[in-house]
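Coordinates from my_file26.cif are shown below (mmCIF, C-alpha atoms).
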```cif
data_my_file
loop_
_atom_site.label_atom_id
_atom_site.label_comp_id
_atom_site.auth_asym_id
_atom_site.auth_seq_id
_atom_site.Cartn_x
_atom_site.Cartn_y
_atom_site.Cartn_z
CA MET K 117 112.71 -162.21 -159.87
CA TRP K 118 113.68 -158.54 -159.31
CA LYS K 119 115.18 -158.35 -162.79
CA THR K 120 111.89 -159.55 -164.29
CA PHE K 121 109.96 -157.03 -162.18
CA LEU K 122 112.22 -154.15 -163.27
CA ILE K 123 111.87 -155.12 -166.93
CA PHE K 124 108.08 -155.20 -166.47
CA VAL K 125 108.06 -151.75 -164.80
CA ALA K 126 110.31 -150.30 -167.52
CA TYR K 127 107.94 -151.71 -170.14
CA LEU K 128 105.01 -149.85 -168.57
CA MET K 129 106.71 -146.46 -168.61
CA VAL K 130 105.91 -144.16 -171.52
CA MET K 131 108.65 -142.24 -173.28
CA PHE K 132 107.61 -139.23 -175.36
CA LEU K 133 109.96 -137.99 -178.08
CA GLY K 134 109.90 -135.49 -180.92
CA GLU K 135 108.58 -132.02 -181.65
CA HIS K 136 105.18 -131.34 -183.19
CA ILE K 137 103.56 -128.01 -184.11
CA ALA K 138 99.82 -127.49 -183.73
CA LYS K 139 97.53 -124.52 -184.34
CA LEU K 140 94.71 -123.38 -182.10
CA ASP K 141 91.37 -123.61 -183.87
CA ASP K 142 88.60 -121.00 -183.55
CA LYS K 143 87.33 -122.67 -180.37
CA GLY K 144 90.77 -122.76 -178.72
CA ARG K 145 91.34 -126.48 -179.32
CA LEU K 146 94.54 -128.18 -180.44
CA VAL K 147 94.95 -131.42 -182.35
CA PHE K 148 96.98 -133.71 -180.11
CA PRO K 149 99.86 -135.08 -182.24
CA ALA K 150 99.17 -138.64 -183.41
CA PRO K 151 102.73 -139.91 -182.73
CA LEU K 152 102.49 -138.77 -179.09
CA LYS K 153 98.96 -140.09 -178.79
CA ALA K 154 100.16 -143.49 -180.01
CA LEU K 155 102.76 -143.60 -177.21
CA ALA K 156 100.34 -142.62 -174.43
CA GLU K 157 98.74 -145.13 -172.12
CA SER K 158 94.98 -145.63 -172.05
CA ASP K 159 93.04 -146.09 -168.84
CA LYS K 160 91.16 -149.33 -168.20
CA ALA K 161 88.20 -148.05 -170.24
CA GLY K 162 90.50 -147.34 -173.21
CA ARG K 163 90.41 -143.54 -172.85
CA LEU K 164 93.45 -141.28 -172.96
CA ILE K 165 93.49 -138.94 -169.98
CA PHE K 166 96.22 -136.42 -169.25
CA VAL K 167 97.06 -134.03 -166.43
CA VAL K 168 98.35 -130.60 -167.47
CA LYS K 169 100.41 -128.49 -165.08
CA LYS K 170 102.35 -125.24 -165.43
CA ASN K 171 106.06 -126.06 -165.47
CA THR K 172 107.87 -124.92 -162.32
CA PHE K 173 110.94 -123.49 -164.04
CA ASN K 174 109.98 -122.67 -167.63
CA GLN K 175 107.25 -120.84 -169.53
CA CYS K 176 105.59 -124.03 -170.71
CA LEU K 177 103.00 -126.57 -169.63
CA ASP K 178 103.80 -130.14 -168.65
CA VAL K 179 101.45 -132.87 -169.87
CA PHE K 180 101.55 -136.19 -168.00
CA THR K 181 99.65 -139.41 -168.45
CA VAL K 182 97.40 -139.94 -165.43
CA GLU K 183 99.57 -142.91 -164.46
CA GLU K 184 102.75 -140.79 -164.47
CA TRP K 185 101.02 -137.99 -162.54
CA LYS K 186 99.91 -140.48 -159.89
CA ARG K 187 103.41 -141.96 -159.66
CA GLN K 188 105.06 -138.57 -159.20
CA SER K 189 102.38 -137.35 -156.78
CA GLU K 190 102.72 -140.44 -154.61
CA GLU K 191 106.50 -140.08 -154.58
CA LEU K 192 106.31 -136.45 -153.47
CA ARG K 193 103.50 -137.06 -150.99
CA GLY K 194 105.58 -139.83 -149.44
CA SER K 195 108.39 -137.39 -148.72
CA LEU K 196 106.14 -134.75 -147.11
CA LYS K 197 105.03 -134.61 -143.51
CA ARG K 198 101.28 -134.49 -143.11
CA PHE K 199 101.12 -131.91 -140.29
CA ASN K 200 103.78 -129.51 -141.53
CA ARG K 201 102.60 -126.09 -142.76
CA GLU K 202 105.33 -125.64 -145.34
CA HIS K 203 104.76 -129.13 -146.72
CA ASP K 204 101.04 -128.38 -146.88
CA ARG K 205 101.74 -125.18 -148.84
CA LEU K 206 104.09 -127.03 -151.20
CA TRP K 207 101.45 -129.70 -151.85
CA ARG K 208 98.80 -127.04 -152.48
CA ALA K 209 101.12 -125.23 -154.90
CA LEU K 210 101.72 -128.48 -156.77
CA MET K 211 97.99 -129.08 -157.16
CA GLN K 212 97.22 -125.50 -158.27
CA ASP K 213 97.04 -124.66 -161.95
CA THR K 214 96.38 -128.23 -163.05
CA ALA K 215 93.73 -129.57 -165.39
CA ILE K 216 92.54 -132.89 -166.75
CA ILE K 217 92.31 -133.15 -170.53
CA GLU K 218 91.10 -135.90 -172.86
CA PRO K 219 91.54 -135.96 -176.62
CA ASP K 220 88.19 -136.29 -178.36
CA GLU K 221 87.70 -139.62 -180.09
CA LYS K 222 87.05 -138.34 -183.62
CA MET K 223 89.78 -135.78 -184.25
CA GLY K 224 92.08 -136.18 -181.25
CA ARG K 225 91.55 -132.53 -180.30
CA ILE K 226 92.24 -131.33 -176.77
CA GLN K 227 91.03 -128.25 -174.95
CA ILE K 228 93.64 -126.81 -172.60
CA PRO K 229 92.03 -124.19 -170.34
CA LYS K 230 92.42 -120.69 -171.73
CA ASN K 231 94.04 -119.36 -168.54
CA MET K 232 96.76 -122.01 -168.82
CA LEU K 233 97.48 -121.10 -172.44
CA GLU K 234 97.66 -117.45 -171.36
CA MET K 235 100.22 -118.37 -168.66
CA ILE K 236 102.62 -119.48 -171.38
CA ASP K 237 101.67 -116.70 -173.83
CA VAL K 238 100.13 -118.87 -176.57
CA ARG K 239 98.78 -116.84 -179.45
CA LYS K 240 98.10 -119.22 -182.33
CA GLU K 241 100.64 -122.06 -182.51
CA VAL K 242 102.17 -124.38 -179.95
CA VAL K 243 104.99 -126.88 -179.97
CA PHE K 244 104.38 -130.24 -178.32
CA ALA K 245 107.87 -131.38 -177.29
CA GLY K 246 108.32 -134.94 -176.07
CA ASN K 247 110.50 -134.95 -172.98
CA ASP K 248 110.75 -138.59 -171.84
CA TYR K 249 108.02 -139.08 -169.20
CA LYS K 250 106.11 -135.89 -170.10
CA ILE K 251 105.18 -133.67 -173.01
CA GLU K 252 105.98 -129.98 -172.82
CA VAL K 253 103.63 -127.52 -174.49
CA TRP K 254 105.29 -124.26 -175.53
CA ALA K 255 104.11 -121.15 -177.33
CA LYS K 256 105.86 -121.53 -180.67
CA GLU K 257 107.40 -118.08 -180.28
CA HIS K 258 109.11 -119.10 -177.01
CA TYR K 259 110.18 -122.64 -177.87
CA GLN K 260 113.33 -121.81 -179.84
CA GLY K 261 114.63 -119.68 -176.96
CA SER K 262 114.22 -122.62 -174.58
CA LYS K 263 116.64 -124.85 -176.42
CA VAL K 264 120.01 -125.56 -174.85
CA SER K 265 122.92 -124.49 -177.04
CA GLU K 266 125.52 -127.08 -178.01
CA GLU K 267 128.15 -125.32 -175.88
CA GLU K 268 125.88 -125.30 -172.82
CA TYR K 269 124.96 -128.96 -173.40
CA VAL K 270 128.64 -129.96 -173.53
CA ALA K 271 129.40 -127.96 -170.37
CA LEU K 272 126.49 -129.53 -168.48
CA ALA K 273 127.42 -133.02 -169.69
CA GLU K 274 131.01 -132.55 -168.55
CA LYS K 275 129.90 -131.15 -165.18
CA TYR K 276 127.25 -133.73 -164.30
CA LEU K 277 128.10 -136.78 -166.40
CA GLY K 278 131.84 -136.36 -166.88
#
```
Just dump the structure as structure tokens.
Amino acid sequence: MWKTFLIFVAYLMVMFLGEHIAKLDDKGRLVFPAPLKALAESDKAGRLIFVVKKNTFNQCLDVFTVEEWKRQSEELRGSLKRFNREHDRLWRALMQDTAIIEPDEKMGRIQIPKNMLEMIDVRKEVVFAGNDYKIEVWAKEHYQGSKVSEEEYVALAEKYLG
């Protein structure tokens, strides 16, 4: 029974892969890449809804399906104490600088709030980079510098997976 349940849960999880470049239009909108859109989960009404959050460690935005955002939020909330000031501040920090976005039905365009694009220094082009359970949105100019070199990858693999 547990094996069947785990297979079912794994089936429900979304995995985003690949890199896609998009340009801001005159109104500050981006066309959400069709391959990533095809992998995303729809809500019960058939709409795609995403949560966007500034990445904690990098100069990029993280885009989650609503389902993944709920899963991660519930996991974190479950490890926090309700009447603890530091935990309250951590929760507030997590919820700050977030936005809900929905691709429009005709063109699949999304509107990420301008202040969030400014946080990551977007000028004209972005890279949507699939990163398993989330999509990272980078200013194109900063994306190349974020990549892990082959030497660093090998060192990390040896250290943590070796």
>> Give me the residues near K:Val182 as an NGL selection string, where near means some atom within 7 Å (using all atoms listed in the file) and where sequence neighbours in that chain fewer than 6 positions away do not count.
In response: :K and (165-167)
>> Using Å and a single decimal, report how far atom CA of K:Ser189 sits from atom CA of K:Lys256.
In response: 28.9 Å
> Of the candidates K:Glu266, K:Glu191, K:Asp141, K:Glu234, which one gets nearest to K:Trp254 if we count all atoms listed in the file?
Replying inline: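 Going through K:Glu266, K:Glu191, K:Asp141, K:Glu234 one by one, the smallest distance to K:Trp254 is for K:Glu234.
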> Quick one, how far is atom CA of K:Asp213 from atom CA of K:Thr181?
Replying inline: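 Computing it gives 16.3 Å between the two atoms.
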> Do you know which residues are at most 12 Å from K:Ser262 counting only C-alpha atoms, after dropping those on the same chain fewer than 3 positions away, and could you put them as a list in words?
Replying inline: Phe173, Asn174, Gln175, Cys176, Val243, Ala245, Glu252, Val253, Trp254, Ala255, Lys256, Glu257, His258, Tyr259 and Ser265 of chain K
